[in-house]
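Novice: This one is model_34.cif, mmCIF, C-alpha atoms and all ligand atoms.
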data_my_file
#
loop_
_atom_site.label_atom_id
_atom_site.label_comp_id
_atom_site.auth_asym_id
_atom_site.auth_seq_id
_atom_site.Cartn_x
_atom_site.Cartn_y
_atom_site.Cartn_z
CA MET A 14 8.27 -8.35 10.82
CA ASP A 15 10.13 -8.99 7.58
CA ILE A 16 7.61 -7.78 5.02
CA ILE A 17 9.32 -9.29 1.98
CA LYS A 18 9.47 -12.63 3.78
CA LYS A 19 5.77 -12.39 4.55
CA ILE A 20 4.97 -11.60 0.88
CA ALA A 21 7.11 -14.57 -0.14
CA GLU A 22 5.17 -16.81 2.25
CA LEU A 23 1.81 -15.71 0.86
CA LYS A 24 3.13 -15.93 -2.74
CA LEU A 25 0.42 -13.79 -4.31
CA VAL A 26 -0.25 -10.06 -4.13
CA PRO A 27 -3.70 -8.99 -5.30
CA VAL A 28 -3.37 -5.64 -7.11
CA ALA A 29 -6.54 -3.66 -6.45
CA VAL A 30 -8.00 -0.49 -7.93
CA VAL A 31 -10.40 0.82 -5.30
CA GLU A 32 -12.52 3.69 -6.56
CA ASP A 33 -14.62 4.05 -3.43
CA SER A 34 -13.04 3.53 -0.01
CA GLU A 35 -16.39 2.09 1.12
CA ASN A 36 -15.34 -1.06 -0.78
CA ALA A 37 -12.06 -1.46 1.13
CA ILE A 38 -13.45 -3.52 4.03
CA PRO A 39 -15.59 -5.91 1.96
CA LEU A 40 -12.60 -6.42 -0.31
CA GLY A 41 -10.36 -7.10 2.69
CA ASN A 42 -12.93 -9.53 4.08
CA ALA A 43 -13.14 -11.43 0.79
CA LEU A 44 -9.35 -11.80 0.74
CA LEU A 45 -9.16 -12.81 4.41
CA GLU A 46 -11.98 -15.34 3.91
CA SER A 47 -10.02 -16.82 0.99
CA GLY A 48 -6.84 -17.23 3.03
CA LEU A 49 -4.94 -14.41 1.37
CA PRO A 50 -4.40 -11.64 3.97
CA ILE A 51 -2.60 -9.21 1.67
CA VAL A 52 -3.50 -6.46 -0.80
CA GLU A 53 -1.71 -3.84 -2.87
CA VAL A 54 -3.95 -0.80 -3.23
CA THR A 55 -2.95 1.19 -6.30
CA PHE A 56 -2.59 4.95 -6.37
CA ARG A 57 -4.66 5.06 -9.54
CA THR A 58 -7.62 6.49 -7.68
CA THR A 59 -8.08 9.26 -5.17
CA ALA A 60 -9.49 6.69 -2.74
CA ALA A 61 -6.16 4.83 -2.40
CA ALA A 62 -4.80 6.45 0.77
CA ASP A 63 -8.17 6.32 2.56
CA SER A 64 -8.64 2.69 1.56
CA ILE A 65 -5.21 1.78 2.94
CA SER A 66 -5.85 3.57 6.21
CA ILE A 67 -9.30 1.97 6.65
CA LEU A 68 -7.87 -1.49 5.94
CA LYS A 69 -4.97 -1.06 8.37
CA LYS A 70 -7.26 0.27 11.09
CA GLU A 71 -10.02 -2.32 10.76
CA MET A 72 -7.92 -5.31 9.72
CA PRO A 73 -4.55 -5.03 11.43
CA ASP A 74 -3.61 -8.60 10.44
CA MET A 75 -3.86 -7.79 6.77
CA LEU A 76 -0.62 -6.88 5.01
CA VAL A 77 -1.36 -3.70 3.06
CA GLY A 78 0.87 -2.14 0.44
CA ALA A 79 0.59 0.72 -2.01
CA GLY A 80 0.94 0.20 -5.74
CA THR A 81 1.37 2.34 -8.86
CA VAL A 82 3.40 4.75 -6.74
CA LEU A 83 4.94 7.29 -9.11
CA LYS A 84 5.88 10.22 -6.86
CA ILE A 85 7.46 10.91 -3.49
CA LYS A 86 4.23 12.64 -2.50
CA GLN A 87 2.39 9.33 -2.99
CA VAL A 88 5.05 7.43 -0.99
CA ASN A 89 4.43 9.79 1.91
CA ALA A 90 0.64 9.55 1.62
CA ALA A 91 0.88 5.75 1.51
CA VAL A 92 3.18 5.51 4.52
CA ARG A 93 1.05 7.99 6.49
CA ALA A 94 -1.98 5.83 5.73
CA GLY A 95 -0.17 2.76 7.08
CA ALA A 96 1.12 1.07 3.92
CA GLU A 97 3.77 -1.50 4.80
CA PHE A 98 5.34 -1.69 1.37
CA ILE A 99 5.54 0.30 -1.85
CA VAL A 100 5.34 -1.14 -5.35
CA THR A 101 6.12 0.84 -8.50
CA PRO A 102 5.49 -0.09 -12.13
CA GLY A 103 8.85 1.24 -13.32
CA PHE A 104 12.26 2.05 -11.86
CA ASN A 105 12.02 5.69 -10.89
CA PRO A 106 15.39 6.55 -9.25
CA THR A 107 13.87 9.51 -7.36
CA VAL A 108 11.18 7.39 -5.75
CA VAL A 109 13.49 4.39 -5.17
CA ASP A 110 16.24 6.49 -3.56
CA TYR A 111 13.72 8.23 -1.32
CA CYS A 112 12.39 4.88 -0.08
CA VAL A 113 15.85 3.37 0.40
CA THR A 114 17.09 6.44 2.31
CA ASN A 115 14.04 6.44 4.56
CA ASN A 116 13.98 2.67 5.15
CA ILE A 117 10.65 2.29 3.37
CA ILE A 118 10.21 -1.14 1.80
CA ILE A 119 9.99 -0.80 -1.95
CA VAL A 120 9.62 -3.37 -4.70
CA PRO A 121 10.41 -1.40 -7.84
CA GLY A 122 9.14 -2.52 -11.22
CA LEU A 123 11.54 -3.35 -14.03
CA ASN A 124 11.95 -5.60 -17.02
CA SER A 125 15.59 -5.30 -18.06
CA ALA A 126 19.10 -6.22 -16.96
CA SER A 127 20.12 -2.56 -16.76
CA PHE A 128 17.43 -1.72 -14.23
CA ILE A 129 18.28 -4.81 -12.16
CA GLU A 130 21.79 -3.39 -11.86
CA TRP A 131 20.42 0.02 -10.83
CA GLY A 132 18.57 -1.80 -8.07
CA LEU A 133 21.56 -3.88 -6.99
CA GLU A 134 23.62 -0.67 -6.75
CA ARG A 135 21.07 0.57 -4.24
CA GLY A 136 21.21 -2.62 -2.16
CA LEU A 137 17.90 -4.00 -3.43
CA ASN A 138 17.38 -7.64 -4.34
CA HIS A 139 13.62 -7.92 -4.83
CA PHE A 140 11.89 -6.44 -7.86
CA LYS A 141 8.54 -6.48 -9.56
CA PHE A 142 8.91 -7.90 -13.09
CA TYR A 143 6.44 -5.85 -15.09
CA PRO A 144 4.70 -6.32 -17.45
CA ALA A 145 5.57 -9.99 -16.98
CA ASP A 146 3.76 -11.51 -19.94
CA LEU A 147 4.84 -8.91 -22.49
CA SER A 148 8.43 -8.76 -21.21
CA GLY A 149 9.33 -12.35 -21.97
CA GLY A 150 7.53 -14.15 -19.15
CA THR A 151 9.17 -17.17 -17.55
CA LYS A 152 11.89 -17.36 -20.24
CA MET A 153 13.11 -13.87 -19.45
CA LEU A 154 13.15 -14.65 -15.72
CA GLN A 155 15.18 -17.80 -16.36
CA ALA A 156 17.63 -15.74 -18.40
CA PHE A 157 18.05 -13.27 -15.50
CA SER A 158 18.95 -16.11 -13.12
CA GLY A 159 22.36 -16.57 -14.81
CA PRO A 160 23.97 -13.17 -14.23
CA TYR A 161 21.86 -12.25 -11.18
CA PRO A 162 21.61 -15.38 -8.97
CA THR A 163 20.73 -13.42 -5.82
CA VAL A 164 17.86 -11.48 -7.35
CA LYS A 165 14.22 -12.43 -6.78
CA PHE A 166 11.23 -11.24 -8.77
CA MET A 167 7.53 -10.65 -8.36
CA PRO A 168 6.17 -11.10 -11.89
CA THR A 169 3.03 -9.02 -12.44
CA GLY A 170 1.03 -8.10 -15.52
CA GLY A 171 -1.08 -10.50 -17.54
CA ILE A 172 -0.87 -13.33 -15.01
CA ASN A 173 -3.96 -15.41 -14.21
CA ASN A 174 -4.91 -18.73 -12.61
CA ASP A 175 -3.68 -20.55 -15.75
CA THR A 176 -0.16 -19.12 -15.63
CA LEU A 177 0.37 -18.42 -11.91
CA ILE A 178 2.02 -21.75 -11.10
CA GLU A 179 4.52 -21.74 -13.96
CA PHE A 180 5.83 -18.42 -12.61
CA LEU A 181 5.82 -19.51 -8.96
CA LYS A 182 7.79 -22.65 -9.80
CA LEU A 183 10.79 -20.57 -10.84
CA LYS A 184 13.52 -20.39 -8.18
CA ASN A 185 13.99 -16.66 -8.71
CA VAL A 186 10.30 -15.81 -8.21
CA PHE A 187 9.32 -14.92 -4.63
CA ALA A 188 5.68 -14.06 -5.36
CA CYS A 189 3.35 -13.08 -8.19
CA GLY A 190 1.15 -10.02 -8.42
CA GLY A 191 -1.99 -9.37 -10.36
CA SER A 192 -5.44 -7.94 -10.63
CA TRP A 193 -7.24 -10.97 -12.06
CA ILE A 194 -8.59 -12.08 -8.68
CA VAL A 195 -9.67 -8.57 -7.64
CA LYS A 196 -10.72 -7.10 -10.99
CA LYS A 197 -11.58 -3.43 -10.90
CA ASP A 198 -15.11 -4.05 -12.21
CA LEU A 199 -15.78 -6.74 -9.61
CA ILE A 200 -14.79 -4.34 -6.82
CA ALA A 201 -16.77 -1.44 -8.30
CA SER A 202 -19.88 -3.61 -8.73
CA LYS A 203 -19.39 -5.12 -5.25
CA LYS A 204 -19.12 -8.70 -6.53
CA PHE A 205 -17.11 -9.76 -3.48
CA LYS A 206 -18.32 -13.39 -3.63
CA GLU A 207 -16.82 -13.67 -7.09
CA ILE A 208 -13.56 -12.18 -5.79
CA GLU A 209 -13.64 -14.79 -3.05
CA LEU A 210 -14.10 -17.63 -5.55
CA LEU A 211 -11.27 -16.43 -7.81
CA THR A 212 -8.98 -15.90 -4.83
CA LYS A 213 -9.80 -19.30 -3.30
CA GLU A 214 -8.98 -20.91 -6.65
CA ALA A 215 -5.60 -19.13 -6.73
CA VAL A 216 -4.87 -20.02 -3.09
CA SER A 217 -5.62 -23.69 -3.69
CA LEU A 218 -3.29 -23.67 -6.71
CA ILE A 219 -0.56 -22.21 -4.50
CA GLN A 220 -1.20 -24.83 -1.83
CA SER A 221 -0.77 -27.56 -4.43
CA LEU A 222 2.77 -26.39 -5.21
C1 LIG B 1 -0.10 -3.66 -11.83
O1 LIG B 1 -0.26 -2.48 -11.61
O2 LIG B 1 0.73 -4.32 -11.20
C2 LIG B 1 -0.82 -4.29 -12.96
O3 LIG B 1 -1.91 -3.53 -13.37
C3 LIG B 1 -1.27 -5.66 -12.66
O4 LIG B 1 -1.29 -6.30 -13.86
P1 LIG B 1 -2.58 -7.10 -14.30
O5 LIG B 1 -3.72 -6.13 -14.19
O6 LIG B 1 -2.32 -7.53 -15.73
O7 LIG B 1 -2.73 -8.26 -13.37
#
Can the structure from this file be put into structure tokens for me?
Ligand code: 3PG

Specialist:
Amino acid sequence: MDIIKKIAELKLVPVAVVEDSENAIPLGNALLESGLPIVEVTFRTTAAADSISILKKEMPDMLVGAGTVLKIKQVNAAVRAGAEFIVTPGFNPTVVDYCVTNNIIIVPGLNSASFIEWGLERGLNHFKFYPADLSGGTKMLQAFSGPYPTVKFMPTGGINNDTLIEFLKLKNVFACGGSWIVKKDLIASKKFKEIELLTKEAVSLIQSL
């Protein structure tokens, strides 16, 4: 399966901070129920690897990635747990090279022309644009389309249901990422119905595109 293609079909990657792996399944269920069978579990908590492995085991149809990956050690833990893609906030050449060499799908974060060229040098064409809102938003992405017509972005950071569509309408955007539909507090306080409502709202916006 082409993972990037699948992400591009779904168009939205919920970025989740899971503090207790017990919340992984109800979170997965809320996303599945809402028609969004994908999640990026961030390595900001010690429960990340366990959460990924539980999700992959119990919900094989769900596309599960690892986010906030800063070290090779975390890449290995994520892959061992079953993560199908790696997302990083910044362009760490050590982590990127390790993934490229080992055929691990990585969407590295960046917000400048120089880093795009680092990625192109390594044969990559898909990047996370982070933090999207503070880095110039849609205008910056439009500016990148001139010199880098083959490059596609996943803007993430500060996006919500009000701004999602303006990003997704851009030709060089393959998906958006964000935590607004799976807010950390909602997961921690087990408000999975609320997650479902927010996600359904986002999915219906995407369907109206
Ligand atoms: C990330 O790690 O990608 C960001 O925390 C997501 O940004 P957001 O929380 O502003 O959506």

Novice: Residues within 12 Å of ligand LIG 1 (chain B) should be enumerated using only C-alpha atoms and all ligand atoms and returned as a ChimeraX atom specification.

Specialist: /A:25-30,52-57,78-83,99-103,120-123,140-147,167-174,176-177,189-198

Novice: Using all atoms listed in the file for the distances, tell me which of A:Val109, A:Ile117, A:Ile51, A:Leu44 is nearest to A:Leu211.

Specialist: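 Distance minimum relative to A:Leu211 lands on A:Leu44.
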
Novice: Atom CA of A:Leu199 and atom CA of A:Phe104 are how many Å apart?

Specialist: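 Value for the atom CA of A:Leu199-atom CA of A:Phe104 distance: 29.5 Å.
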
Novice: Separation of atom CA of A:Asp33 and atom CA of A:Ala90, in Å?

Specialist: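 A separation of 17.0 Å between them.
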
Novice: Could you check the closest approach to A:Gly159 for each of A:Lys86, A:Lys184, A:Arg135, A:Lys24 and tell me which residue wins, using only C-alpha atoms?

Specialist: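 Smallest separation from A:Gly159 among the options: A:Lys184.
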
Novice: Find the residues around A:Lys18 up to 12 Å (all atoms listed in the file counted), leave out those fewer than 2 positions away in its own chain, and share them as a PyMOL selection string.

Specialist: chain A and resi 14-16+20-24+76+98+118+139+165+187-188

Novice: From the options A:Pro73, A:Leu40, A:Glu179, A:Ile17, which residue's atoms come nearest to A:Ile119, counting all atoms listed in the file?

Specialist: A:Ile17

Novice: List the neighbours of A:Gly41 out to 8 Å using all atoms listed in the file; skip same-chain residues closer than 6 positions along the sequence, and give me the result as a PyMOL selection string.

Specialist: chain A and resi 50+52+68+72+75

Novice: Based on the selection just made, write C-alpha atoms of those residues as a PDB file, keeping the file's coordinate frame.

Specialist:
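Just written: part_11.pdb:
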ATOM      1  CA  PRO A  50      -4.400 -11.640   3.970  1.00  0.00           C
ATOM      2  CA  VAL A  52      -3.500  -6.460  -0.800  1.00  0.00           C
ATOM      3  CA  LEU A  68      -7.870  -1.490   5.940  1.00  0.00           C
ATOM      4  CA  MET A  72      -7.920  -5.310   9.720  1.00  0.00           C
ATOM      5  CA  MET A  75      -3.860  -7.790   6.770  1.00  0.00           C
TER       6      MET A  75
END

Novice: With only C-alpha atoms counted, which protein, DNA or RNA residues have an atom no more than 8 Å from (-21.1, -2.1, -2.3) in the file frame? Please answer as a PyMOL selection string.

Specialist: chain A and resi 35-36+39+201-203

Novice: So the first atom is atom CA of A:Val31 and the second is atom CA of A:Ile67; what is the distance between them in Å, to one decimal place?

Specialist: 12.1 Å

Novice: A:Asn185: which residues within 9 Å, counting only C-alpha atoms, same-chain residues fewer than 2 positions away excluded, as a PyMOL selection string?

Specialist: chain A and resi 154-155+157-158+162-167+181-183+187

Novice: Around the point (2.3, -25.8, -3.1) (coordinates from the file), which residues reach within 10 Å if we count all atoms listed in the file? Answer as a VMD selection string.

Specialist: chain A and resid 24 178 181 to 182 216 to 222

Novice: Out of A:Ser34, A:Asp63, A:Ser47, A:Lys70, which residue has the shortest atom-to-atom distance to A:Ala215 when counting all atoms listed in the file?

Specialist: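 Counting all atoms listed in the file, the residue closest to A:Ala215 is A:Ser47.
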
Novice: Please list as a list in words every residue within 8 Å of A:Ala62, counting only C-alpha atoms and excluding residues in the same chain fewer than 2 positions away.

Specialist: Phe56, Thr59, Ala60, Ser64, Ile65, Ser66, Ala90, Ala91 and Ala94 of chain A

Novice: Mind dumping the selected residues with C-alpha atoms as an mmCIF file, keeping the file's coordinate frame?

Specialist:
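Contents of result_1.cif, freshly written:
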data_model
loop_
_atom_site.group_PDB
_atom_site.id
_atom_site.type_symbol
_atom_site.label_atom_id
_atom_site.label_comp_id
_atom_site.auth_asym_id
_atom_site.auth_seq_id
_atom_site.Cartn_x
_atom_site.Cartn_y
_atom_site.Cartn_z
ATOM 1 C CA PHE A 56 -2.590 4.950 -6.370
ATOM 2 C CA THR A 59 -8.080 9.260 -5.170
ATOM 3 C CA ALA A 60 -9.490 6.690 -2.740
ATOM 4 C CA SER A 64 -8.640 2.690 1.560
ATOM 5 C CA ILE A 65 -5.210 1.780 2.940
ATOM 6 C CA SER A 66 -5.850 3.570 6.210
ATOM 7 C CA ALA A 90 0.640 9.550 1.620
ATOM 8 C CA ALA A 91 0.880 5.750 1.510
ATOM 9 C CA ALA A 94 -1.980 5.830 5.730
#

Novice: For a quick check of understanding, using only C-alpha atoms, which of A:Gly149, A:Gly48, A:Gly136, A:Pro160 has the smallest distance to A:Cys112?

Specialist: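 When distances to A:Cys112 are compared using only C-alpha atoms, the smallest one comes from A:Gly136.
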
Novice: Tell me, as a VMD selection string, which residues lie within 8 Å of A:Thr107, counting all atoms listed in the file; anything in the same chain fewer than 3 positions away does not count.

Specialist: chain A and resid 85 110 to 111

Novice: For A:Glu32, which of A:Ile129, A:Ile208, A:Ile200, A:Val186 is the closest residue, counting only C-alpha atoms?

Specialist: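 Closest residue, counting only C-alpha atoms: A:Ile200.
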